[in-house]
$ cat upload39.pdb   # PDB, C-alpha atoms
ATOM      1  CA  MET Q1213     -18.601  26.129  30.211
ATOM      2  CA  ARG Q1214     -16.830  27.774  27.277
ATOM      3  CA  THR Q1215     -13.862  25.378  27.736
ATOM      4  CA  THR Q1216     -16.183  22.371  27.714
ATOM      5  CA  VAL Q1217     -17.904  23.559  24.548
ATOM      6  CA  HIS Q1218     -14.520  24.200  22.907
ATOM      7  CA  LYS Q1219     -13.333  20.680  23.726
ATOM      8  CA  PHE Q1220     -16.566  19.197  22.401
ATOM      9  CA  VAL Q1221     -16.285  21.123  19.120
ATOM     10  CA  LEU Q1222     -12.642  20.042  18.740
ATOM     11  CA  PHE Q1223     -13.563  16.400  19.379
ATOM     12  CA  VAL Q1224     -16.385  16.506  16.809
ATOM     13  CA  SER Q1225     -14.045  18.131  14.266
ATOM     14  CA  VAL Q1226     -11.397  15.455  14.792
ATOM     15  CA  MET Q1227     -13.927  12.653  14.396
ATOM     16  CA  ALA Q1228     -15.466  14.225  11.319
ATOM     17  CA  CYS Q1229     -12.034  14.519   9.735
ATOM     18  CA  ALA Q1230     -11.257  10.881  10.584
ATOM     19  CA  ALA Q1231     -14.565   9.689   9.149
ATOM     20  CA  VAL Q1232     -14.129  11.539   5.843
ATOM     21  CA  ALA Q1233     -10.484  10.541   5.413
ATOM     22  CA  SER Q1234     -10.577   6.994   6.783
ATOM     23  CA  ALA Q1235     -10.662   5.449   3.311
ATOM     24  CA  GLN Q1236      -7.592   7.376   2.196
ATOM     25  CA  GLN Q1237      -4.517   5.187   2.181
ATOM     26  CA  ARG Q1238      -1.252   7.099   1.898
ATOM     27  CA  PRO Q1239       1.216   6.460   3.376
ATOM     28  CA  LEU Q1240      -0.388   3.219   4.609
ATOM     29  CA  GLU Q1241      -0.793  -0.001   2.629
ATOM     30  CA  THR Q1242      -3.277  -1.608   5.034
ATOM     31  CA  GLN Q1243      -6.696  -1.256   3.411
ATOM     32  CA  ASP Q1244      -9.517   0.397   5.350
ATOM     33  CA  PRO Q1245     -12.936  -1.249   4.755
ATOM     34  CA  GLU Q1246     -14.559   2.203   4.472
ATOM     35  CA  THR Q1247     -15.069   3.446   0.921
ATOM     36  CA  ILE Q1248     -14.723   6.998  -0.415
ATOM     37  CA  GLY Q1249     -18.398   7.409  -1.374
ATOM     38  CA  ALA Q1250     -20.501   7.156  -4.516
ATOM     39  CA  GLY Q1251     -19.348   9.420  -7.332
ATOM     40  CA  ARG Q1252     -16.199  10.553  -5.553
ATOM     41  CA  VAL Q1253     -12.651  10.210  -6.922
ATOM     42  CA  LEU Q1254      -9.463  10.003  -4.894
ATOM     43  CA  VAL Q1255      -6.127  10.771  -6.542
ATOM     44  CA  GLU Q1256      -2.870  10.186  -4.681
ATOM     45  CA  GLY Q1257       0.780  10.418  -5.581
ATOM     46  CA  GLY Q1258       4.183  10.574  -3.997
ATOM     47  CA  ILE Q1259       7.820   9.611  -4.130
ATOM     48  CA  SER Q1260       9.488   6.768  -2.279
ATOM     49  CA  GLY Q1261      13.086   5.796  -1.607
ATOM     50  CA  ALA Q1262      14.315   2.469  -0.230
ATOM     51  CA  GLN Q1263      17.885   1.554   0.735
ATOM     52  CA  ASP Q1264      19.548  -1.864   0.428
ATOM     53  CA  ILE Q1265      16.669  -3.735  -1.204
ATOM     54  CA  THR Q1266      17.441  -7.114  -2.825
ATOM     55  CA  TYR Q1267      16.119  -8.664  -6.047
ATOM     56  CA  PRO Q1268      17.110 -12.370  -5.866
ATOM     57  CA  LEU Q1269      16.108 -13.131  -9.473
ATOM     58  CA  SER Q1270      18.722 -10.797 -10.947
ATOM     59  CA  GLY Q1271      21.107 -10.863  -7.972
ATOM     60  CA  PHE Q1272      20.891  -7.067  -7.659
ATOM     61  CA  LYS Q1273      21.113  -5.201  -4.373
ATOM     62  CA  GLY Q1274      20.842  -1.446  -4.115
ATOM     63  CA  ASN Q1275      18.642   1.597  -3.646
ATOM     64  CA  LEU Q1276      15.240   2.043  -5.269
ATOM     65  CA  TRP Q1277      13.555   5.350  -6.128
ATOM     66  CA  GLN Q1278       9.914   5.402  -7.226
ATOM     67  CA  LEU Q1279       9.186   8.678  -9.055
ATOM     68  CA  PRO Q1280       6.250   8.822  -8.508
ATOM     69  CA  VAL Q1281       3.881   6.200  -7.100
ATOM     70  CA  LEU Q1282       0.327   6.968  -8.271
ATOM     71  CA  GLY Q1283      -3.088   5.797  -7.131
ATOM     72  CA  LEU Q1284      -6.673   6.303  -8.311
ATOM     73  CA  ASN Q1285      -9.811   5.325  -6.376
ATOM     74  CA  VAL Q1286     -13.263   5.703  -7.929
ATOM     75  CA  GLY Q1287     -16.403   5.417  -5.803
ATOM     76  CA  LEU Q1288     -18.680   3.156  -7.847
ATOM     77  CA  SER Q1289     -21.341   3.178  -5.134
ATOM     78  CA  SER Q1290     -21.660   3.971  -1.446
ATOM     79  CA  ILE Q1291     -20.104   0.584  -0.630
ATOM     80  CA  ALA Q1292     -17.706  -0.154  -3.521
ATOM     81  CA  ASP Q1293     -14.486   1.384  -4.877
ATOM     82  CA  LEU Q1294     -12.422   0.666  -7.982
ATOM     83  CA  GLN Q1295      -8.687   0.966  -7.220
ATOM     84  CA  ILE Q1296      -5.739   1.359  -9.587
ATOM     85  CA  THR Q1297      -2.103   1.930  -8.567
ATOM     86  CA  GLY Q1298       1.158   2.065 -10.493
ATOM     87  CA  GLY Q1299       4.017   4.311 -11.463
ATOM     88  CA  PRO Q1300       5.843   5.426 -14.622
ATOM     89  CA  TYR Q1301       9.437   5.372 -13.388
ATOM     90  CA  ASN Q1302      11.398   3.240 -10.926
ATOM     91  CA  TYR Q1303      15.120   4.047 -10.752
ATOM     92  CA  PHE Q1304      17.447   1.522  -9.128
ATOM     93  CA  THR Q1305      21.060   2.209  -8.162
ATOM     94  CA  ILE Q1306      23.008  -1.068  -8.111
ATOM     95  CA  THR Q1307      25.423  -1.332  -5.178
ATOM     96  CA  SER Q1308      26.287  -5.027  -5.619
ATOM     97  CA  ARG Q1309      25.711  -7.871  -8.047
ATOM     98  CA  GLN Q1310      25.439 -11.550  -7.161
ATOM     99  CA  PRO Q1311      24.709 -14.488  -9.490
ATOM    100  CA  GLY Q1312      20.968 -14.949  -9.989
ATOM    101  CA  PRO Q1313      18.819 -17.285 -12.080
ATOM    102  CA  LEU Q1314      17.982 -14.448 -14.499
ATOM    103  CA  THR Q1315      21.425 -12.834 -14.623
ATOM    104  CA  ASP Q1316      21.833 -13.733 -18.304
ATOM    105  CA  VAL Q1317      18.462 -12.164 -19.153
ATOM    106  CA  VAL Q1318      19.182  -8.778 -17.562
ATOM    107  CA  THR Q1319      20.323  -6.096 -20.010
ATOM    108  CA  ALA Q1320      21.461  -3.535 -17.397
ATOM    109  CA  THR Q1321      25.255  -3.361 -17.664
ATOM    110  CA  GLY Q1322      26.080  -0.223 -15.651
ATOM    111  CA  ASN Q1323      25.548   0.714 -12.031
ATOM    112  CA  SER Q1324      21.858   1.570 -12.468
ATOM    113  CA  THR Q1325      18.687   0.364 -14.138
ATOM    114  CA  HIS Q1326      15.078   1.514 -14.452
ATOM    115  CA  SER Q1327      11.592   0.276 -15.243
ATOM    116  CA  VAL Q1328       7.933   1.088 -14.710
ATOM    117  CA  GLU Q1329       6.025   0.004 -11.610
ATOM    118  CA  ASP Q1330       3.631  -2.930 -12.000
ATOM    119  CA  ILE Q1331      -0.001  -1.838 -12.220
ATOM    120  CA  ASN Q1332      -2.410  -3.162  -9.586
ATOM    121  CA  ILE Q1333      -6.139  -3.214 -10.381
ATOM    122  CA  GLY Q1334      -8.645  -4.149  -7.715
ATOM    123  CA  ALA Q1335     -11.942  -3.440  -6.010
ATOM    124  CA  LYS Q1336     -13.008  -2.957  -2.413
ATOM    125  CA  ILE Q1337     -16.496  -3.652  -1.044
ATOM    126  CA  ARG Q1338     -17.782  -2.698   2.392
ATOM    127  CA  LEU Q1339     -19.871  -5.621   3.631
ATOM    128  CA  LEU Q1340     -20.943  -4.345   7.062
ATOM    129  CA  PRO Q1341     -20.954  -0.807   8.455
ATOM    130  CA  GLU Q1342     -19.280   0.021  11.738
ATOM    131  CA  SER Q1343     -21.403   0.141  14.880
ATOM    132  CA  SER Q1344     -20.725   1.077  18.477
ATOM    133  CA  SER Q1345     -19.925  -2.567  19.247
ATOM    134  CA  TRP Q1346     -18.622  -4.026  15.981
ATOM    135  CA  PRO Q1347     -15.995  -3.000  13.419
ATOM    136  CA  SER Q1348     -16.795  -2.317   9.806
ATOM    137  CA  VAL Q1349     -16.086  -5.287   7.552
ATOM    138  CA  GLY Q1350     -14.959  -5.266   3.961
ATOM    139  CA  PHE Q1351     -13.542  -7.457   1.212
ATOM    140  CA  ARG Q1352     -10.907  -6.576  -1.358
ATOM    141  CA  PHE Q1353      -9.433  -8.387  -4.355
ATOM    142  CA  SER Q1354      -6.716  -7.232  -6.734
ATOM    143  CA  THR Q1355      -4.501  -8.331  -9.612
ATOM    144  CA  ARG Q1356      -0.898  -7.260 -10.203
ATOM    145  CA  LEU Q1357      -0.034  -7.014 -13.904
ATOM    146  CA  PRO Q1358       3.442  -7.825 -15.322
ATOM    147  CA  ASN Q1359       4.388  -4.356 -16.561
ATOM    148  CA  ALA Q1360       7.958  -4.221 -15.187
ATOM    149  CA  SER Q1361      10.294  -6.186 -17.451
ATOM    150  CA  ARG Q1362      12.598  -8.844 -16.011
ATOM    151  CA  MET Q1363      15.312  -7.549 -18.368
ATOM    152  CA  SER Q1364      15.617  -4.494 -16.115
ATOM    153  CA  GLY Q1365      16.544  -6.695 -13.155
ATOM    154  CA  ILE Q1366      13.784  -5.246 -10.961
ATOM    155  CA  GLY Q1367      10.730  -6.798 -12.649
ATOM    156  CA  GLN Q1368       9.369 -10.352 -12.658
ATOM    157  CA  ASP Q1369       7.004 -10.522 -15.674
ATOM    158  CA  THR Q1370       4.443 -12.435 -13.610
ATOM    159  CA  THR Q1371       0.796 -11.915 -12.683
ATOM    160  CA  ASP Q1372      -0.460 -12.268  -9.099
ATOM    161  CA  PHE Q1373      -3.962 -12.372  -7.636
ATOM    162  CA  GLY Q1374      -4.945 -11.710  -4.037
ATOM    163  CA  ALA Q1375      -7.959 -11.249  -1.782
ATOM    164  CA  ALA Q1376      -8.321 -10.136   1.817
ATOM    165  CA  LEU Q1377     -10.816  -9.540   4.604
ATOM    166  CA  LEU Q1378     -10.748  -5.984   5.974
ATOM    167  CA  LEU Q1379     -11.714  -4.795   9.459
ATOM    168  CA  GLY Q1380     -11.845  -1.246  10.820
ATOM    169  CA  LYS Q1381     -12.864   0.337  14.122
ATOM    170  CA  THR Q1382     -12.663   3.878  15.476
ATOM    171  CA  ILE Q1383     -12.068   4.152  19.225
ATOM    172  CA  GLU Q1384     -12.280   7.795  20.319
ATOM    173  CA  SER Q1385      -9.609   9.513  18.176
ATOM    174  CA  ILE Q1386      -7.819   6.327  17.036
ATOM    175  CA  ARG Q1387      -8.622   4.447  13.834
ATOM    176  CA  LEU Q1388      -7.575   0.768  13.916
ATOM    177  CA  VAL Q1389      -7.540  -1.321  10.733
ATOM    178  CA  GLY Q1390      -6.619  -4.960  10.147
ATOM    179  CA  ASN Q1391      -6.260  -7.061   6.977
ATOM    180  CA  VAL Q1392      -5.793 -10.795   6.507
ATOM    181  CA  GLY Q1393      -5.941 -12.766   3.280
ATOM    182  CA  TRP Q1394      -3.990 -14.672   0.673
ATOM    183  CA  LEU Q1395      -1.901 -13.900  -2.391
ATOM    184  CA  CYS Q1396      -1.485 -16.331  -5.272
ATOM    185  CA  MET Q1397       1.970 -15.561  -6.698
ATOM    186  CA  SER Q1398       3.176 -16.973 -10.004
ATOM    187  CA  THR Q1399       6.707 -18.335  -9.754
ATOM    188  CA  PRO Q1400       8.968 -16.511 -12.262
ATOM    189  CA  LEU Q1401      11.076 -19.592 -13.055
ATOM    190  CA  ASP Q1402       8.250 -22.121 -13.521
ATOM    191  CA  GLY Q1403       4.995 -21.065 -15.148
ATOM    192  CA  THR Q1404       3.253 -24.242 -13.933
ATOM    193  CA  ARG Q1405       3.793 -23.439 -10.229
ATOM    194  CA  GLN Q1406       2.476 -20.892  -7.788
ATOM    195  CA  ASN Q1407       3.121 -19.940  -4.182
ATOM    196  CA  ASP Q1408       0.101 -19.095  -2.025
ATOM    197  CA  GLU Q1409       1.114 -16.548   0.598
ATOM    198  CA  LEU Q1410      -0.522 -15.164   3.705
ATOM    199  CA  VAL Q1411      -0.987 -11.404   3.475
ATOM    200  CA  TYR Q1412      -1.449  -9.333   6.601
ATOM    201  CA  GLY Q1413      -1.643  -5.754   7.767
ATOM    202  CA  PHE Q1414      -2.400  -3.816  10.916
ATOM    203  CA  SER Q1415      -2.456  -0.023  11.072
ATOM    204  CA  PHE Q1416      -3.438   2.813  13.353
ATOM    205  CA  ALA Q1417      -4.175   6.495  12.756
ATOM    206  CA  ARG Q1418      -4.236   8.744  15.815
ATOM    207  CA  ALA Q1419      -5.879  12.151  15.358
ATOM    208  CA  ILE Q1420      -3.907  14.815  17.221
ATOM    209  CA  THR Q1421      -5.928  17.817  16.010
ATOM    210  CA  ALA Q1422      -8.644  18.319  13.397
ATOM    211  CA  GLY Q1423      -6.022  18.171  10.627
ATOM    212  CA  ILE Q1424      -3.032  16.255  11.984
ATOM    213  CA  GLU Q1425      -2.664  12.490  12.417
ATOM    214  CA  VAL Q1426       0.114  10.161  13.506
ATOM    215  CA  VAL Q1427       0.032   6.840  11.652
ATOM    216  CA  GLY Q1428       1.813   3.501  11.758
ATOM    217  CA  GLU Q1429       1.510  -0.012  10.419
ATOM    218  CA  ILE Q1430       3.033  -3.440  10.007
ATOM    219  CA  VAL Q1431       2.213  -5.002   6.655
ATOM    220  CA  GLY Q1432       3.547  -7.765   4.430
ATOM    221  CA  ARG Q1433       3.261 -11.249   3.027
ATOM    222  CA  ALA Q1434       4.485 -14.588   4.378
ATOM    223  CA  SER Q1435       5.285 -17.601   2.225
ATOM    224  CA  THR Q1436       3.362 -20.771   3.092
ATOM    225  CA  GLU Q1437       5.692 -22.993   1.048
ATOM    226  CA  ILE Q1438       7.240 -25.866   2.980
ATOM    227  CA  GLY Q1439      10.942 -25.080   2.910
ATOM    228  CA  PRO Q1440      12.474 -22.106   1.068
ATOM    229  CA  ALA Q1441      10.046 -20.061  -1.002
ATOM    230  CA  PRO Q1442      10.505 -20.142  -4.792
ATOM    231  CA  ILE Q1443      12.777 -17.284  -5.876
ATOM    232  CA  GLY Q1444      10.719 -14.182  -6.507
ATOM    233  CA  THR Q1445       8.014 -15.132  -3.986
ATOM    234  CA  GLU Q1446       9.984 -14.577  -0.778
ATOM    235  CA  SER Q1447       8.303 -13.261   2.360
ATOM    236  CA  ARG Q1448       8.388  -9.478   2.508
ATOM    237  CA  GLY Q1449       7.168  -6.912   5.019
ATOM    238  CA  ARG Q1450       7.681  -3.462   6.473
ATOM    239  CA  LEU Q1451       7.159  -1.447   9.633
ATOM    240  CA  LEU Q1452       6.114   2.170   9.014
ATOM    241  CA  PHE Q1453       5.680   5.316  11.117
ATOM    242  CA  GLY Q1454       4.603   8.698   9.827
ATOM    243  CA  GLY Q1455       2.154  11.555   9.863
ATOM    244  CA  ARG Q1456      -0.580  13.184   7.793
ATOM    245  CA  TYR Q1457      -1.851  16.751   7.536
ATOM    246  CA  THR Q1458      -5.248  17.480   6.012
ATOM    247  CA  TYR Q1459      -6.128  20.891   4.594
ATOM    248  CA  GLY Q1460      -9.558  20.966   2.976
ATOM    249  CA  PRO Q1461      -9.747  18.224   0.309
ATOM    250  CA  VAL Q1462      -5.946  17.773   0.254
ATOM    251  CA  ARG Q1463      -3.899  15.611   2.577
ATOM    252  CA  PHE Q1464      -0.098  15.662   2.801
ATOM    253  CA  ASP Q1465       1.869  12.752   4.256
ATOM    254  CA  ALA Q1466       5.383  11.642   5.129
ATOM    255  CA  ALA Q1467       6.708   8.454   6.721
ATOM    256  CA  VAL Q1468       9.784   6.304   7.291
ATOM    257  CA  PHE Q1469       9.740   2.505   7.038
ATOM    258  CA  PHE Q1470      11.948  -0.452   7.910
ATOM    259  CA  GLY Q1471      12.149  -3.865   6.250
ATOM    260  CA  LEU Q1472      11.305  -7.034   8.174
ATOM    261  CA  ASN Q1473      13.156  -9.615   6.039
ATOM    262  CA  ALA Q1474      16.642 -10.016   4.621
ATOM    263  CA  VAL Q1475      15.504  -9.110   1.076
ATOM    264  CA  ASP Q1476      13.609  -6.027   2.270
ATOM    265  CA  PRO Q1477      15.150  -2.549   2.392
ATOM    266  CA  THR Q1478      16.912  -1.678   5.628
ATOM    267  CA  VAL Q1479      15.255   1.747   5.716
ATOM    268  CA  GLY Q1480      13.224   3.969   3.445
ATOM    269  CA  PHE Q1481      10.928   6.955   3.290
ATOM    270  CA  THR Q1482       7.875   8.130   1.412
ATOM    271  CA  THR Q1483       6.106  11.458   1.039
ATOM    272  CA  GLY Q1484       3.161  12.545  -1.033
ATOM    273  CA  ALA Q1485      -0.331  14.002  -1.213
ATOM    274  CA  THR Q1486      -3.938  12.897  -1.655
ATOM    275  CA  TYR Q1487      -6.825  14.815  -3.225
ATOM    276  CA  ILE Q1488     -10.462  13.764  -3.106
ATOM    277  CA  PHE Q1489     -13.372  15.374  -4.948
ATOM    278  CA  ASN Q1490     -16.919  14.824  -6.167
ATOM    279  CA  ALA Q1491     -16.604  13.751  -9.797
ATOM    280  CA  PHE Q1492     -19.991  12.451 -10.957
ATOM    281  CA  ARG Q1493     -23.506  11.593  -9.850
ATOM    282  CA  LEU Q1494     -24.753   8.050 -10.106
ATOM    283  CA  PRO Q1495     -28.101   7.511 -11.879
TER     284      PRO Q1495
END

$ encode --input "upload39.pdb" --output "structure tokens"
Amino acid sequence: MRTTVHKFVLFVSVMACAAVASAQQRPLETQDPETIGAGRVLVEGGISGAQDITYPLSGFKGNLWQLPVLGLNVGLSSIADLQITGGPYNYFTITSRQPGPLTDVVTATGNSTHSVEDINIGAKIRLLPESSSWPSVGFRFSTRLPNASRMSGIGQDTTDFGAALLLGKTIESIRLVGNVGWLCMSTPLDGTRQNDELVYGFSFARAITAGIEVVGEIVGRASTEIGPAPIGTESRGRLLFGGRYTYGPVRFDAAVFFGLNAVDPTVGFTTGATYIFNAFRLP
């Protein structure tokens, strides 16, 4: 009897942890339709390293360090979040240079360059709550701002807009999330053109104990252009595996990822932390 009660308490603890943390993203990019809650604030940050990533506009290939990547989620209501992500310092080690359409614009002359990370501003709305039979459903839209300069060789100076449908379902101790939508990308070499891309994501989070999860995802974008995609709007994607450890309001994470396309990094890693707290009370 005591063993049965112990197992039941452990199961409830795992599910409670998954429910509270389901809206937290790191190290995943796939967006969960669950929100963080009215008046709550989520702050996340971490470092990321990627090897052998290619920037076709400048012709650069090398290794990218993001120090750090930052995110802020604000619970505007019980069903809506404001989301902002960005970073103050991206450092790129150049391992090879090939001719690119913006080679003459780039001012980096040595074996490295740096820039800020583009800021993304968006909002997520939960449309339908999860039930025993149906997944939760949400909608998200976001805009990427042109903060990273093309003179650095790792920026595009373009603005993109995207929107996606979000689905999420918890099955016992596993959280499954799927995204599908579109991304309107401005073409860096022709301001009158755009490339509409399919965006996708599928992730899982498997609770091992009340504080430990194993996570994984496949996420990316696919060009819908007939023929080669305009330079700067190539298909990109990644496959990621990692883990998360939650201690009170803080969650630590670490993961490795692998690129899915020729311009993507061959391998990379990310590690960071997330903190969530009650910040204000809505009137």

$ resolve_selection --input "upload39.pdb" --expression "the PyMOL selection byres ((chain Q and resi 1310) around 12)" --output "PyMOL selection string"
chain Q and resi 1266-1274+1306-1309+1311-1316+1365

$ resolve_selection --input "upload39.pdb" --expression "the PyMOL selection byres ((chain Q and resi 1334) around 8)" --output "list in words"
Leu1294, Gln1295, Ile1296, Asn1332, Ile1333, Ala1335, Lys1336, Arg1352, Phe1353, Ser1354 and Thr1355 of chain Q

$ residues_around --input "upload39.pdb" --residues "Q:Leu1395" --least-positions-apart "5" --cutoff "8 Å" --atoms "only C-alpha atoms" --output "count of residues only"
9

$ atom_distance --input "upload39.pdb" --atom1 "atom CA of Q:Arg1387" --atom2 "atom CA of Q:Asp1244"
9.4 Å

$ closest_residue --input "upload39.pdb" --among "Q:Glu1256, Q:Ala1422, Q:Thr1445, Q:Asn1275" --to "Q:Pro1477" --atoms "all atoms listed in the file"
Q:Asn1275

$ closest_residue --input "upload39.pdb" --among "Q:Ala1491, Q:Ile1337, Q:Met1363, Q:Ile1424" --to "Q:Phe1464" --atoms "all atoms listed in the file"
Q:Ile1424

$ atom_distance --input "upload39.pdb" --atom1 "atom CA of Q:Gly1432" --atom2 "atom CA of Q:Val1328"
21.5 Å

$ closest_residue --input "upload39.pdb" --among "Q:Thr1305, Q:Val1431, Q:Ala1467, Q:Asn1285" --to "Q:Ile1248" --atoms "only C-alpha atoms"
Q:Asn1285

$ resolve_selection --input "upload39.pdb" --expression "the PyMOL selection byres ((chain Q and resi 1281) around 8)" --output "ChimeraX atom specification"
/Q:1257-1260,1278-1280,1282-1283,1297-1300,1329

$ write_last_selection --input "upload39.pdb" --atoms "C-alpha atoms" --output "compact mmCIF listing (two decimals), in the coordinates of the input"
# COMPACT_ATOMS: atom_id res chain seq x y z
CA GLY Q 1257 0.78 10.42 -5.58
CA GLY Q 1258 4.18 10.57 -4.00
CA ILE Q 1259 7.82 9.61 -4.13
CA SER Q 1260 9.49 6.77 -2.28
CA GLN Q 1278 9.91 5.40 -7.23
CA LEU Q 1279 9.19 8.68 -9.06
CA PRO Q 1280 6.25 8.82 -8.51
CA LEU Q 1282 0.33 6.97 -8.27
CA GLY Q 1283 -3.09 5.80 -7.13
CA THR Q 1297 -2.10 1.93 -8.57
CA GLY Q 1298 1.16 2.06 -10.49
CA GLY Q 1299 4.02 4.31 -11.46
CA PRO Q 1300 5.84 5.43 -14.62
CA GLU Q 1329 6.02 0.00 -11.61

$ closest_residue --input "upload39.pdb" --among "Q:Ser1415, Q:Thr1486, Q:Thr1436, Q:Ser1327" --to "Q:Leu1452" --atoms "all atoms listed in the file"
Q:Ser1415

$ atom_distance --input "upload39.pdb" --atom1 "atom CA of Q:Val1427" --atom2 "atom CA of Q:Gly1455"
5.5 Å

$ closest_residue --input "upload39.pdb" --among "Q:Trp1346, Q:Tyr1487, Q:Phe1351, Q:Trp1394" --to "Q:Pro1245" --atoms "only C-alpha atoms"
Q:Phe1351

$ closest_residue --input "upload39.pdb" --among "Q:His1326, Q:Arg1493, Q:Arg1238, Q:Arg1252" --to "Q:Gly1287" --atoms "all atoms listed in the file"
Q:Arg1252

$ residues_around --input "upload39.pdb" --residues "Q:Phe1453" --least-positions-apart "4" --cutoff "12 Å" --atoms "only C-alpha atoms" --output "number ranges by chain"
Q: 1238-1241, 1415-1418, 1425-1431, 1465-1470, 1479-1483

$ axis_aligned_box --input "upload39.pdb" --around "stretch 1237-1249 of chain Q" --padding-each-side "4 Å" --output "AutoDock Vina command-line options"
--center_x -8.6 --center_y 2.9 --center_z 2.0 --size_x 27.6 --size_y 17.0 --size_z 14.7
